[in-house]
>>> print(open('upload_4.txt').read())   # compact mmCIF, C-alpha atoms and all ligand atoms
# COMPACT_ATOMS: atom_id res chain seq x y z
CA MET A 1 92.61 73.77 75.73
CA LYS A 2 95.99 72.39 74.62
CA THR A 3 97.39 69.49 76.62
CA PHE A 4 100.99 68.88 77.66
CA ALA A 5 102.87 65.95 79.19
CA ILE A 6 106.25 65.98 80.85
CA ALA A 7 108.88 63.30 81.51
CA THR A 8 111.59 64.09 84.04
CA LEU A 9 114.90 62.25 84.28
CA GLY A 10 117.77 62.74 86.69
CA CYS A 11 118.27 64.76 89.82
CA LYS A 12 116.27 66.82 92.31
CA VAL A 13 117.17 69.99 90.42
CA ASN A 14 115.45 68.60 87.33
CA THR A 15 112.46 67.66 89.49
CA PHE A 16 112.25 71.24 90.73
CA GLU A 17 112.56 72.64 87.21
CA SER A 18 109.85 70.31 85.87
CA GLU A 19 107.47 71.32 88.68
CA SER A 20 108.09 74.96 87.79
CA TYR A 21 107.40 74.28 84.06
CA ILE A 22 104.15 72.49 85.02
CA GLU A 23 102.99 75.36 87.24
CA SER A 24 103.82 77.99 84.60
CA LEU A 25 102.11 76.09 81.77
CA ILE A 26 98.96 75.43 83.81
CA SER A 27 98.73 79.12 84.76
CA SER A 28 99.12 79.96 81.04
CA GLY A 29 96.04 77.86 80.21
CA TYR A 30 97.52 74.46 79.28
CA GLN A 31 96.27 71.16 80.73
CA LEU A 32 98.63 68.55 82.20
CA VAL A 33 98.10 64.94 81.02
CA ASP A 34 99.91 61.63 81.55
CA PHE A 35 103.10 61.15 79.52
CA LYS A 36 102.00 57.62 78.59
CA GLY A 37 99.00 58.93 76.60
CA PRO A 38 98.36 61.39 73.77
CA ALA A 39 99.28 65.06 74.27
CA ASP A 40 99.63 68.18 72.10
CA ILE A 41 102.98 69.06 73.64
CA TYR A 42 105.62 66.74 75.12
CA ILE A 43 108.42 68.06 77.28
CA ILE A 44 111.35 65.77 78.01
CA ASN A 45 113.50 67.17 80.82
CA THR A 46 116.68 65.22 80.16
CA CYS A 47 119.71 63.98 82.08
CA SER A 48 123.13 62.95 80.79
CA VAL A 49 125.00 62.22 84.02
CA THR A 50 125.41 58.53 83.05
CA ASN A 51 125.08 56.56 79.81
CA THR A 52 121.89 55.01 81.19
CA ALA A 53 120.33 58.42 81.89
CA ALA A 54 121.25 59.64 78.40
CA SER A 55 119.77 56.53 76.82
CA LYS A 56 116.55 56.89 78.85
CA SER A 57 116.32 60.52 77.71
CA ARG A 58 116.51 59.37 74.06
CA GLN A 59 113.89 56.67 74.70
CA LYS A 60 111.46 59.23 76.13
CA ILE A 61 111.91 61.47 73.07
CA HIS A 62 111.12 58.56 70.71
CA GLN A 63 108.19 57.47 72.89
CA ALA A 64 106.67 60.97 72.61
CA ILE A 65 107.14 61.03 68.82
CA ARG A 66 105.47 57.58 68.52
CA GLN A 67 102.51 58.59 70.67
CA ASN A 68 101.53 61.63 68.62
CA ALA A 69 103.22 62.29 65.28
CA ASP A 70 101.74 65.82 65.24
CA ALA A 71 102.72 66.78 68.79
CA MET A 72 105.15 69.55 69.60
CA ILE A 73 108.31 67.94 71.00
CA CYS A 74 110.39 70.02 73.45
CA VAL A 75 113.67 68.65 74.73
CA VAL A 76 115.21 70.49 77.67
CA GLY A 77 118.26 70.22 79.94
CA CYS A 78 121.57 68.45 80.27
CA TYR A 79 121.32 66.02 77.35
CA VAL A 80 120.65 68.96 74.98
CA GLN A 81 123.74 70.70 76.29
CA THR A 82 126.06 67.70 76.01
CA ASN A 83 124.66 65.78 73.02
CA GLN A 84 123.18 68.37 70.70
CA ASP A 85 124.63 66.60 67.62
CA GLU A 86 122.58 63.48 68.31
CA LEU A 87 119.41 65.56 68.75
CA ASN A 88 120.00 67.43 65.49
CA ASP A 89 119.56 64.07 63.75
CA ILE A 90 115.99 63.75 65.09
CA ASP A 91 114.12 66.15 62.83
CA ARG A 92 110.77 65.80 64.69
CA ILE A 93 112.05 67.88 67.60
CA ASP A 94 110.55 71.39 67.64
CA LEU A 95 112.28 72.99 70.58
CA LEU A 96 115.67 72.51 72.23
CA ILE A 97 116.74 74.26 75.44
CA GLY A 98 120.11 73.54 77.07
CA ALA A 99 121.47 75.11 80.26
CA LYS A 100 120.30 78.59 79.23
CA HIS A 101 116.84 80.10 78.68
CA LYS A 102 114.94 77.55 80.75
CA SER A 103 112.83 80.43 82.09
CA LYS A 104 111.64 81.05 78.49
CA LEU A 105 110.14 77.58 78.00
CA VAL A 106 106.50 78.75 78.07
CA GLU A 107 107.26 81.69 75.78
CA TYR A 108 109.03 79.40 73.27
CA ILE A 109 106.14 76.91 73.38
CA GLN A 110 103.69 79.72 72.66
CA GLN A 111 105.87 80.86 69.73
CA GLY A 112 106.11 77.26 68.51
CA GLN A 113 109.90 77.20 68.42
CA GLY A 114 113.11 78.04 70.22
CA TYR A 115 116.80 77.73 69.60
CA PRO A 116 119.48 76.11 71.70
CA ASP A 117 122.19 78.45 72.87
CA ILE A 118 124.82 76.10 74.12
CA ASN A 119 127.85 78.36 73.87
CA ASP A 120 129.43 80.27 76.75
CA GLN A 121 128.26 77.76 79.38
CA ARG A 122 130.86 79.22 81.77
CA ASP A 123 129.10 82.57 81.80
CA ILE A 124 125.45 81.85 82.58
CA MET A 125 123.36 83.96 84.96
CA PHE A 126 120.99 82.34 87.47
CA GLU A 127 117.50 82.09 85.99
CA ASN A 128 114.61 82.31 88.39
CA LEU A 129 112.06 79.53 87.85
CA PRO A 130 109.08 80.33 90.08
CA LEU A 131 107.32 77.60 92.07
CA LYS A 132 104.54 77.87 94.64
CA GLN A 133 103.59 74.25 95.33
CA TYR A 134 104.61 70.64 94.77
CA ASN A 135 102.50 67.57 94.08
CA HIS A 136 104.23 65.87 97.02
CA GLN A 137 102.60 67.68 99.92
CA THR A 138 105.10 67.33 102.74
CA ARG A 139 108.51 67.94 101.20
CA ALA A 140 109.35 70.63 98.62
CA PHE A 141 112.63 71.09 96.78
CA LEU A 142 113.88 74.63 96.45
CA LYS A 143 116.57 75.24 93.84
CA ILE A 144 119.05 77.67 95.34
CA GLN A 145 122.05 77.14 93.07
CA ASP A 146 123.04 75.78 89.67
CA GLY A 147 126.23 74.74 87.88
CA CYS A 148 129.64 73.58 89.06
CA ASP A 149 133.24 74.80 88.68
CA GLN A 150 134.87 71.79 90.36
CA PHE A 151 135.50 69.60 87.26
CA CYS A 152 135.89 66.24 88.94
CA SER A 153 137.55 64.12 86.27
CA TYR A 154 134.60 61.75 85.77
CA CYS A 155 131.81 64.31 85.78
CA ILE A 156 129.90 65.78 82.85
CA ILE A 157 127.83 68.16 85.00
CA PRO A 158 130.08 71.25 84.68
CA PHE A 159 129.69 70.88 80.89
CA ALA A 160 125.95 70.15 81.08
CA ARG A 161 124.91 72.83 83.57
CA GLY A 162 127.65 75.42 83.20
CA ASN A 163 129.25 77.70 85.77
CA GLU A 164 128.27 78.11 89.41
CA ARG A 165 125.49 80.61 90.04
CA TRP A 166 122.80 81.09 92.68
CA ALA A 167 119.52 82.84 93.44
CA PRO A 168 119.40 86.00 95.59
CA SER A 169 118.46 85.11 99.18
CA ASP A 170 115.54 87.61 99.09
CA ASP A 171 113.91 85.59 96.26
CA LEU A 172 114.51 82.29 98.06
CA VAL A 173 113.03 83.52 101.34
CA GLU A 174 109.91 84.68 99.47
CA MET A 175 109.62 81.35 97.60
CA ALA A 176 110.06 79.42 100.85
CA LYS A 177 107.30 81.51 102.48
CA GLY A 178 105.01 80.67 99.54
CA LEU A 179 105.78 76.94 99.76
CA VAL A 180 105.08 76.91 103.51
CA ARG A 181 101.85 78.89 103.02
CA ASN A 182 100.79 76.17 100.58
CA GLY A 183 101.28 73.49 103.21
CA HIS A 184 104.86 72.24 102.81
CA LYS A 185 106.48 71.45 106.16
CA GLU A 186 109.93 70.51 104.89
CA ILE A 187 112.09 72.32 102.33
CA VAL A 188 115.05 70.59 100.68
CA LEU A 189 117.64 73.10 99.52
CA SER A 190 118.77 71.77 96.16
CA GLY A 191 121.37 72.59 93.58
CA ILE A 192 124.38 71.07 91.90
CA HIS A 193 126.96 72.31 94.39
CA ILE A 194 125.00 74.00 97.17
CA GLY A 195 127.94 74.37 99.53
CA ARG A 196 129.23 77.03 97.14
CA TYR A 197 126.04 79.08 97.44
CA GLY A 198 127.12 82.74 97.67
CA LYS A 199 130.78 81.67 97.73
CA ASP A 200 133.35 84.28 98.72
CA SER A 201 130.67 86.56 100.12
CA ARG A 202 129.02 87.17 103.48
CA HIS A 203 125.78 85.93 101.95
CA ASP A 204 126.79 82.28 101.88
CA LEU A 205 124.83 79.10 102.64
CA SER A 206 124.86 79.70 106.42
CA HIS A 207 123.51 83.20 105.88
CA LEU A 208 120.70 81.83 103.70
CA LEU A 209 119.87 79.15 106.28
CA LYS A 210 119.77 81.73 109.07
CA ARG A 211 117.33 83.84 107.06
CA LEU A 212 115.09 80.83 106.35
CA ILE A 213 115.09 79.87 110.04
CA ASP A 214 114.34 83.42 111.22
CA GLU A 215 111.97 84.66 108.52
CA VAL A 216 109.86 81.72 107.31
CA ASP A 217 107.13 81.16 109.89
CA GLY A 218 105.74 77.63 109.98
CA LEU A 219 108.75 76.03 108.28
CA ARG A 220 109.45 72.91 110.28
CA ARG A 221 112.42 71.27 108.61
CA ILE A 222 115.23 72.37 106.32
CA ARG A 223 117.22 69.63 104.58
CA LEU A 224 120.35 70.04 102.45
CA SER A 225 120.17 67.81 99.38
CA SER A 226 123.92 67.10 99.31
CA ILE A 227 127.02 68.95 100.46
CA GLU A 228 130.77 68.47 100.00
CA ILE A 229 132.79 67.68 103.13
CA THR A 230 135.05 70.71 102.47
CA GLU A 231 132.02 73.00 102.57
CA ILE A 232 130.61 72.06 105.97
CA THR A 233 131.79 75.12 107.87
CA PRO A 234 131.93 75.80 111.64
CA GLN A 235 129.24 78.47 111.05
CA LEU A 236 126.94 75.85 109.55
CA LEU A 237 127.49 73.49 112.49
CA ASP A 238 126.93 76.36 114.97
CA LEU A 239 123.66 77.15 113.24
CA MET A 240 122.56 73.52 113.54
CA THR A 241 123.39 73.61 117.24
CA SER A 242 121.19 76.67 117.70
CA SER A 243 118.25 75.47 115.57
CA GLU A 244 116.70 72.04 115.28
CA LYS A 245 115.00 73.12 112.05
CA ILE A 246 118.09 72.04 110.12
CA VAL A 247 117.69 68.27 110.14
CA ARG A 248 120.40 65.99 111.51
CA HIS A 249 121.30 64.55 108.15
CA PHE A 250 124.18 65.32 105.80
CA HIS A 251 124.50 63.62 102.44
CA ILE A 252 128.23 64.00 101.76
CA PRO A 253 129.59 62.50 98.50
CA LEU A 254 132.73 60.45 99.19
CA GLN A 255 133.13 58.82 95.72
CA SER A 256 136.14 56.76 96.84
CA GLY A 257 137.78 55.87 100.14
CA CYS A 258 141.19 55.44 98.49
CA ASP A 259 143.53 58.44 98.13
CA THR A 260 145.06 57.42 94.81
CA VAL A 261 141.60 57.08 93.27
CA LEU A 262 140.44 60.37 94.83
CA LYS A 263 143.45 62.04 93.24
CA ARG A 264 142.62 60.63 89.81
CA MET A 265 139.04 61.80 90.34
CA ASN A 266 140.26 65.34 91.13
CA ARG A 267 138.36 65.35 94.42
CA PRO A 268 139.52 68.11 96.81
CA TYR A 269 140.26 66.01 99.95
CA THR A 270 142.04 62.90 101.18
CA SER A 271 140.31 60.04 102.97
CA ASP A 272 141.98 61.13 106.25
CA GLU A 273 140.65 64.66 105.90
CA PHE A 274 137.18 63.29 105.15
CA TYR A 275 137.28 61.03 108.19
CA VAL A 276 138.50 63.73 110.58
CA ARG A 277 135.68 66.06 109.45
CA ILE A 278 132.92 63.51 109.92
CA GLN A 279 134.28 62.69 113.37
CA GLU A 280 134.10 66.40 114.22
CA ILE A 281 130.48 66.48 113.05
CA ARG A 282 129.63 63.40 115.12
CA GLN A 283 131.24 64.89 118.22
CA ARG A 284 128.63 67.64 118.05
CA PHE A 285 125.71 65.49 116.84
CA PRO A 286 126.33 61.88 117.93
CA LEU A 287 123.29 60.34 116.21
CA ILE A 288 123.48 62.39 113.01
CA SER A 289 122.88 60.55 109.76
CA ILE A 290 125.80 60.81 107.35
CA SER A 291 125.03 59.20 104.00
CA THR A 292 127.16 59.21 100.87
CA ASP A 293 127.69 58.46 97.17
CA VAL A 294 130.42 56.09 95.98
CA ILE A 295 131.58 55.51 92.41
CA VAL A 296 132.67 51.93 91.86
CA GLY A 297 135.11 50.77 89.18
CA PHE A 298 136.61 54.15 88.39
CA VAL A 299 139.30 54.13 85.69
CA GLY A 300 142.27 52.05 86.82
CA GLU A 301 140.69 51.05 90.16
CA SER A 302 142.70 48.02 91.30
CA GLU A 303 141.32 45.32 93.58
CA GLU A 304 143.48 46.73 96.37
CA GLU A 305 142.12 50.26 95.82
CA PHE A 306 138.57 48.91 95.84
CA GLN A 307 139.20 46.99 99.09
CA THR A 308 140.57 50.21 100.63
CA THR A 309 137.22 51.86 99.82
CA VAL A 310 135.27 48.92 101.29
CA ALA A 311 137.24 49.18 104.55
CA PHE A 312 136.89 52.97 104.61
CA VAL A 313 133.10 53.04 104.23
CA GLU A 314 132.86 50.53 107.07
CA LYS A 315 135.06 52.77 109.23
CA CYS A 316 132.94 55.83 108.41
CA ARG A 317 129.71 54.06 109.47
CA PHE A 318 127.61 55.76 106.80
CA SER A 319 123.87 55.58 107.39
CA PHE A 320 123.34 54.57 103.75
CA MET A 321 125.17 54.79 100.44
CA HIS A 322 124.20 55.38 96.82
CA ILE A 323 126.45 53.23 94.69
CA PHE A 324 127.20 54.18 91.07
CA PRO A 325 129.24 52.03 88.70
CA TYR A 326 131.60 54.40 86.85
CA SER A 327 130.11 55.50 83.52
CA MET A 328 132.48 56.99 80.94
CA ARG A 329 131.35 60.43 79.75
CA ALA A 330 132.84 61.89 76.58
CA ASN A 331 134.92 65.07 76.95
CA THR A 332 135.72 64.47 80.62
CA ALA A 333 139.33 64.04 81.78
CA ALA A 334 138.66 60.48 82.95
CA ALA A 335 137.45 59.41 79.50
CA LEU A 336 141.01 59.92 78.25
CA MET A 337 142.67 57.92 81.05
CA SER A 338 143.88 54.40 80.40
CA GLY A 339 142.69 51.37 82.36
CA HIS A 340 138.90 51.40 81.94
CA LEU A 341 137.35 48.43 83.75
CA ASP A 342 134.99 45.90 82.22
CA ALA A 343 131.27 45.90 83.05
CA ILE A 344 131.38 42.57 84.92
CA THR A 345 134.01 43.83 87.39
CA LYS A 346 132.07 47.06 87.96
CA LYS A 347 128.85 45.14 88.55
CA ALA A 348 130.47 42.71 90.99
CA ARG A 349 132.09 45.54 92.97
CA SER A 350 128.81 47.50 93.00
CA GLN A 351 127.03 44.49 94.44
CA ILE A 352 129.56 44.22 97.27
CA LEU A 353 129.04 47.85 98.22
CA ILE A 354 125.24 47.66 97.88
CA GLU A 355 125.23 44.78 100.37
CA LYS A 356 127.55 46.76 102.65
CA SER A 357 125.18 49.74 102.40
CA ASN A 358 122.18 47.60 103.38
CA LEU A 359 124.06 46.39 106.44
CA LEU A 360 125.20 49.89 107.43
CA LYS A 361 121.66 51.21 107.00
CA MET A 362 120.19 48.50 109.21
CA ARG A 363 122.79 49.18 111.90
CA TYR A 364 122.15 52.92 111.74
CA ASP A 365 118.34 52.63 111.83
CA MET A 366 118.45 50.19 114.76
CA GLN A 367 120.16 52.79 116.94
CA PHE A 368 116.75 54.47 117.23
CA VAL A 369 115.00 51.42 118.72
CA ASN A 370 113.79 52.31 122.24
CA LYS A 371 114.16 56.02 121.51
CA GLU A 372 111.66 58.80 120.88
CA VAL A 373 111.81 60.52 117.49
CA SER A 374 109.87 63.14 115.54
CA VAL A 375 108.20 61.85 112.36
CA LEU A 376 106.75 63.87 109.50
CA PHE A 377 104.06 61.56 108.11
CA GLU A 378 103.75 61.23 104.33
CA SER A 379 101.53 58.26 103.49
CA PHE A 380 98.67 56.20 104.90
CA GLN A 381 97.76 52.72 103.63
CA LYS A 382 95.78 49.87 105.16
CA GLY A 383 95.94 51.28 108.69
CA ILE A 384 99.69 52.03 108.55
CA ALA A 385 100.95 55.63 108.62
CA THR A 386 104.51 56.14 107.38
CA GLY A 387 106.94 59.04 107.35
CA HIS A 388 110.56 60.04 107.86
CA THR A 389 112.52 61.39 110.80
CA GLY A 390 114.87 64.32 110.29
CA GLU A 391 117.67 61.74 109.91
CA TYR A 392 115.67 60.32 106.98
CA VAL A 393 114.87 57.09 108.77
CA LEU A 394 111.62 55.51 107.58
CA VAL A 395 109.09 54.97 110.40
CA SER A 396 105.65 53.28 110.38
CA VAL A 397 102.96 53.23 113.07
CA ILE A 398 99.54 51.59 113.23
CA SER A 399 96.90 54.29 112.93
CA ASP A 400 93.16 54.47 112.37
CA GLU A 401 93.46 57.62 110.25
CA SER A 402 95.84 59.45 107.95
CA MET A 403 98.33 61.76 109.63
CA ASN A 404 99.77 62.99 106.35
CA ASN A 405 101.73 66.21 106.60
CA GLN A 406 101.65 66.19 110.40
CA CYS A 407 104.64 65.82 112.74
CA HIS A 408 104.24 63.50 115.73
CA ARG A 409 106.50 62.10 118.42
CA VAL A 410 106.95 58.34 118.02
CA TRP A 411 108.51 55.76 120.34
CA ILE A 412 110.45 53.28 118.18
CA THR A 413 109.73 49.72 119.28
CA HIS A 414 111.51 47.58 116.69
CA HIS A 415 113.20 47.37 113.28
CA LYS A 416 112.02 45.04 110.56
CA GLN A 417 112.86 44.66 106.88
CA GLY A 418 114.34 48.07 106.20
CA ARG A 419 112.17 50.25 108.40
CA ASN A 420 111.56 51.20 112.00
CA TYR A 421 108.17 50.63 113.66
CA GLY A 422 106.79 52.45 116.66
CA VAL A 423 103.86 53.85 118.57
CA LEU A 424 102.66 57.43 118.92
CA VAL A 425 103.91 58.90 122.17
CA LYS A 426 100.84 61.07 122.33
CA LYS A 427 98.65 62.16 119.54
CA VAL A 428 99.41 65.84 119.57
CA VAL A 429 100.40 67.52 116.35
CA GLU A 430 103.76 69.19 116.81
CA SER A 431 103.59 72.83 115.77
S1 LIG B 1 131.53 68.62 92.51
FE1 LIG B 1 132.37 67.14 91.06
S2 LIG B 1 130.81 65.49 91.04
FE2 LIG B 1 129.80 67.28 91.89
S3 LIG B 1 128.83 68.29 90.11
FE3 LIG B 1 130.83 69.26 90.42
S4 LIG B 1 132.21 68.17 89.04
FE4 LIG B 1 130.37 66.89 89.29
>>> encode(input="upload_4.txt", output="structure tokens")
Amino acid sequence: MKTFAIATLGCKVNTFESESYIESLISSGYQLVDFKGPADIYIINTCSVTNTAASKSRQKIHQAIRQNADAMICVVGCYVQTNQDELNDIDRIDLLIGAKHKSKLVEYIQQGQGYPDINDQRDIMFENLPLKQYNHQTRAFLKIQDGCDQFCSYCIIPFARGNERWAPSDDLVEMAKGLVRNGHKEIVLSGIHIGRYGKDSRHDLSHLLKRLIDEVDGLRRIRLSSIEITEITPQLLDLMTSSEKIVRHFHIPLQSGCDTVLKRMNRPYTSDEFYVRIQEIRQRFPLISISTDVIVGFVGESEEEFQTTVAFVEKCRFSFMHIFPYSMRANTAAALMSGHLDAITKKARSQILIEKSNLLKMRYDMQFVNKEVSVLFESFQKGIATGHTGEYVLVSVISDESMNNQCHRVWITHHKQGRNYGVLVKKVVES
């Protein structure tokens, strides 16, 4: 039996795609082995969203070549699409797949070769990558959409993943039923720009959510991986009001809290518009978790512009933030702008916002002390069971047995070092 190993870099969409490749290869008779050891076939599912991700993708390719000089080397994904020239220089690579033909990976491996088709990335159809089960038992990602037509000035993703496209809702409902049958309690709807699912049609994201709520028996939680503030519609909020299955957590990328920077980034809102919308959301769901992404040290970001962002994130009371120092990507509009900042300034500003995020997170999590919450348990170690609430707050309780993949009501007693602790209200598994 031939063995294969896979390395996955980047986002949740890549994670989903890698899980689908693994499932398809195993059902075709291949055996999965650890990437750190010898294998007959190595698959590197790459990322090029930042310089660091691109460099890690290259390192994984060279690691695979070093580990077995005779192995078949397959390089897949965003780095192939954006940096094909660099890969052409590595003559040990057998198979390259960019944004297109990912569904043919197994077929190409069986043929022993495949060819990148990186042209026409604005005219790609959605490719269905089947998936029945994840290694991680509780939470499963479901890829509903791919690509982006927004072209934010800093972002390489529209070039790496191509145009916006999405899966038919019938296919997604069937896949969700399969994932739930195989034990997953929570499904995370994932994509590059999921708010544009089914755009300009009646079959939009709210329609898909309604179908998942109504048609997938046993599905306990639905989470949206990330959504733009401009795409949180009244229909979506109404649906959340009518069903607790959609968790009370929005991850909404802000990127900057300063209007002049947002304009240079080509983001489709002002800070005022962003703030008004999150206030509207909080009026309906007062304890909702709103987390965000911020890019620090964007081209030309002055100290004053940075301080405007610091004040704005404080005002927004985010539950946590992912902070990214700006990374120049070739061929993007921002790469051509003047005023790129040095690495030391970007690092120092990142540190300020990371500390701010830690503080905001602690404040948010502590709001649940002396409250009852629902926890989906995910791990059990040394008498401590741990899981997340719908708001994605980490909770631990003392337990004499594993409660993995069960939902229980927990009374939160205190907060310590980045997590909430509590006691089971009563040990009844929530259905
Ligand atoms: S919305 Fe902007 S940041 Fe997000 S993938 Fe599209 S271009 Fe990139």
>>> closest_residue(input="upload_4.txt", among="A:Met265, A:Ala330, A:Cys316, A:Ile354", to="Ile252 of chain A", atoms="only C-alpha atoms")
A:Cys316
>>> residues_near_ligand(input="upload_4.txt", ligand="ligand LIG 1 (chain B)", cutoff="6 Å", atoms="all atoms listed in the file", output="PDB file with C-alpha atoms, in the coordinates of the input")
ATOM      1  CA  CYS A 148     129.640  73.580  89.060  1.00  0.00           C
ATOM      2  CA  GLN A 150     134.870  71.790  90.360  1.00  0.00           C
ATOM      3  CA  PHE A 151     135.500  69.600  87.260  1.00  0.00           C
ATOM      4  CA  CYS A 152     135.890  66.240  88.940  1.00  0.00           C
ATOM      5  CA  CYS A 155     131.810  64.310  85.780  1.00  0.00           C
ATOM      6  CA  ILE A 157     127.830  68.160  85.000  1.00  0.00           C
ATOM      7  CA  PRO A 158     130.080  71.250  84.680  1.00  0.00           C
ATOM      8  CA  ILE A 192     124.380  71.070  91.900  1.00  0.00           C
TER       9      ILE A 192
END
>>> residues_around(input="upload_4.txt", residues="Lys371 of chain A", least_positions_apart="2", cutoff="10 Å", atoms="all atoms listed in the file", output="PyMOL selection string")
chain A and resi 366-369+373+410-413+422
>>> atom_distance(input="upload_4.txt", atom1="atom CA of Asp204 of chain A", atom2="atom CA of Thr292 of chain A")
23.1 Å
>>> residues_around(input="upload_4.txt", residues="segment 343-347 of chain A", least_positions_apart="2", cutoff="6 Å", atoms="only C-alpha atoms", output="PyMOL selection string")
chain A and resi 297+325+349-350
>>> closest_residue(input="upload_4.txt", among="A:Asn358, A:Asn163, A:Gln235, A:Asn404", to="Arg419 of chain A", atoms="all atoms listed in the file")
A:Asn358
>>> atom_distance(input="upload_4.txt", atom1="atom CA of Asp259 of chain A", atom2="atom CA of Val299 of chain A")
13.8 Å
>>> closest_residue(input="upload_4.txt", among="A:Tyr326, A:Phe35, A:Tyr108, A:Tyr421", to="Thr52 of chain A", atoms="all atoms listed in the file")
A:Tyr326
>>> closest_residue(input="upload_4.txt", among="A:Val49, A:Ile44, A:Met1, A:Met362", to="Ile65 of chain A", atoms="all atoms listed in the file")
A:Ile44
>>> atom_distance(input="upload_4.txt", atom1="atom CA of Lys143 of chain A", atom2="atom CA of Ser190 of chain A")
4.7 Å
>>> residues_near_point(input="upload_4.txt", point="(99.7, 72.6, 70.3)", cutoff="7 Å", atoms="only C-alpha atoms", output="ChimeraX atom specification")
/A:2,40-41,71-72
>>> residues_around(input="upload_4.txt", residues="Ala140 of chain A", least_positions_apart="4", cutoff="7 Å", atoms="all atoms listed in the file", output="PyMOL selection string")
chain A and resi 134+184+186-188
>>> write_last_selection(input="upload_4.txt", atoms="C-alpha atoms", output="mmCIF file, in the frame of the given file")
data_model
loop_
_atom_site.group_PDB
_atom_site.id
_atom_site.type_symbol
_atom_site.label_atom_id
_atom_site.label_comp_id
_atom_site.auth_asym_id
_atom_site.auth_seq_id
_atom_site.Cartn_x
_atom_site.Cartn_y
_atom_site.Cartn_z
ATOM 1 C CA TYR A 134 104.610 70.640 94.770
ATOM 2 C CA HIS A 184 104.860 72.240 102.810
ATOM 3 C CA GLU A 186 109.930 70.510 104.890
ATOM 4 C CA ILE A 187 112.090 72.320 102.330
ATOM 5 C CA VAL A 188 115.050 70.590 100.680
#
>>> residues_around(input="upload_4.txt", residues="Gln145 of chain A", least_positions_apart="2", cutoff="8 Å", atoms="all atoms listed in the file", output="tab-separated table (two decimals) with C-alpha atoms, in the frame of the given file")
chain	number	residue	atom	x	y	z
A	126	PHE	CA	120.99	82.34	87.47
A	143	LYS	CA	116.57	75.24	93.84
A	147	GLY	CA	126.23	74.74	87.88
A	164	GLU	CA	128.27	78.11	89.41
A	165	ARG	CA	125.49	80.61	90.04
A	166	TRP	CA	122.80	81.09	92.68
A	167	ALA	CA	119.52	82.84	93.44
A	190	SER	CA	118.77	71.77	96.16
A	191	GLY	CA	121.37	72.59	93.58
A	192	ILE	CA	124.38	71.07	91.90
A	193	HIS	CA	126.96	72.31	94.39
A	194	ILE	CA	125.00	74.00	97.17
A	197	TYR	CA	126.04	79.08	97.44
>>> residues_near_point(input="upload_4.txt", point="(144.0, 62.0, 92.7)", cutoff="12 Å", atoms="only C-alpha atoms", output="PyMOL selection string")
chain A and resi 152-154+255-271+298-301+334
>>> closest_residue(input="upload_4.txt", among="A:Leu341, A:Ser327, A:Ala348, A:Glu391", to="Pro286 of chain A", atoms="only C-alpha atoms")
A:Glu391
>>> residues_around(input="upload_4.txt", residues="Val294 of chain A", least_positions_apart="3", cutoff="8 Å", atoms="only C-alpha atoms", output="count of residues only")
8
>>> closest_residue(input="upload_4.txt", among="A:Ile124, A:Ile93, A:Ala39, A:Ile246", to="Gln67 of chain A", atoms="all atoms listed in the file")
A:Ala39
>>> build_atoms(input="upload_4.txt", residues="segment 222-232 of chain A", atoms="N, CA and C atoms", output="PDB file, in the frame of the given file")
ATOM      1  N   ILE A 222     114.424  72.001 107.493  1.00  0.00           N
ATOM      2  CA  ILE A 222     115.230  72.370 106.320  1.00  0.00           C
ATOM      3  C   ILE A 222     116.240  71.244 106.116  1.00  0.00           C
ATOM      4  N   ARG A 223     116.288  70.719 104.910  1.00  0.00           N
ATOM      5  CA  ARG A 223     117.220  69.630 104.580  1.00  0.00           C
ATOM      6  C   ARG A 223     118.145  70.123 103.473  1.00  0.00           C
ATOM      7  N   LEU A 224     119.416  69.732 103.540  1.00  0.00           N
ATOM      8  CA  LEU A 224     120.350  70.040 102.450  1.00  0.00           C
ATOM      9  C   LEU A 224     120.409  68.813 101.560  1.00  0.00           C
ATOM     10  N   SER A 225     120.244  68.994 100.251  1.00  0.00           N
ATOM     11  CA  SER A 225     120.170  67.810  99.380  1.00  0.00           C
ATOM     12  C   SER A 225     121.487  67.043  99.410  1.00  0.00           C
ATOM     13  N   SER A 226     122.597  67.741  99.349  1.00  0.00           N
ATOM     14  CA  SER A 226     123.920  67.100  99.310  1.00  0.00           C
ATOM     15  C   SER A 226     124.948  68.204  99.529  1.00  0.00           C
ATOM     16  N   ILE A 227     126.009  67.910 100.246  1.00  0.00           N
ATOM     17  CA  ILE A 227     127.020  68.950 100.460  1.00  0.00           C
ATOM     18  C   ILE A 227     128.405  68.314 100.547  1.00  0.00           C
ATOM     19  N   GLU A 228     129.398  68.987  99.975  1.00  0.00           N
ATOM     20  CA  GLU A 228     130.770  68.470 100.000  1.00  0.00           C
ATOM     21  C   GLU A 228     131.356  68.613 101.410  1.00  0.00           C
ATOM     22  N   ILE A 229     132.208  67.670 101.778  1.00  0.00           N
ATOM     23  CA  ILE A 229     132.790  67.680 103.130  1.00  0.00           C
ATOM     24  C   ILE A 229     133.594  68.977 103.372  1.00  0.00           C
ATOM     25  N   THR A 230     134.217  69.499 102.323  1.00  0.00           N
ATOM     26  CA  THR A 230     135.050  70.710 102.470  1.00  0.00           C
ATOM     27  C   THR A 230     134.201  71.958 102.682  1.00  0.00           C
ATOM     28  N   GLU A 231     132.880  71.822 102.501  1.00  0.00           N
ATOM     29  CA  GLU A 231     132.020  73.000 102.570  1.00  0.00           C
ATOM     30  C   GLU A 231     131.114  73.006 103.805  1.00  0.00           C
ATOM     31  N   ILE A 232     131.348  72.047 104.702  1.00  0.00           N
ATOM     32  CA  ILE A 232     130.610  72.060 105.970  1.00  0.00           C
ATOM     33  C   ILE A 232     131.424  72.908 106.946  1.00  0.00           C
TER      34      ILE A 232
END
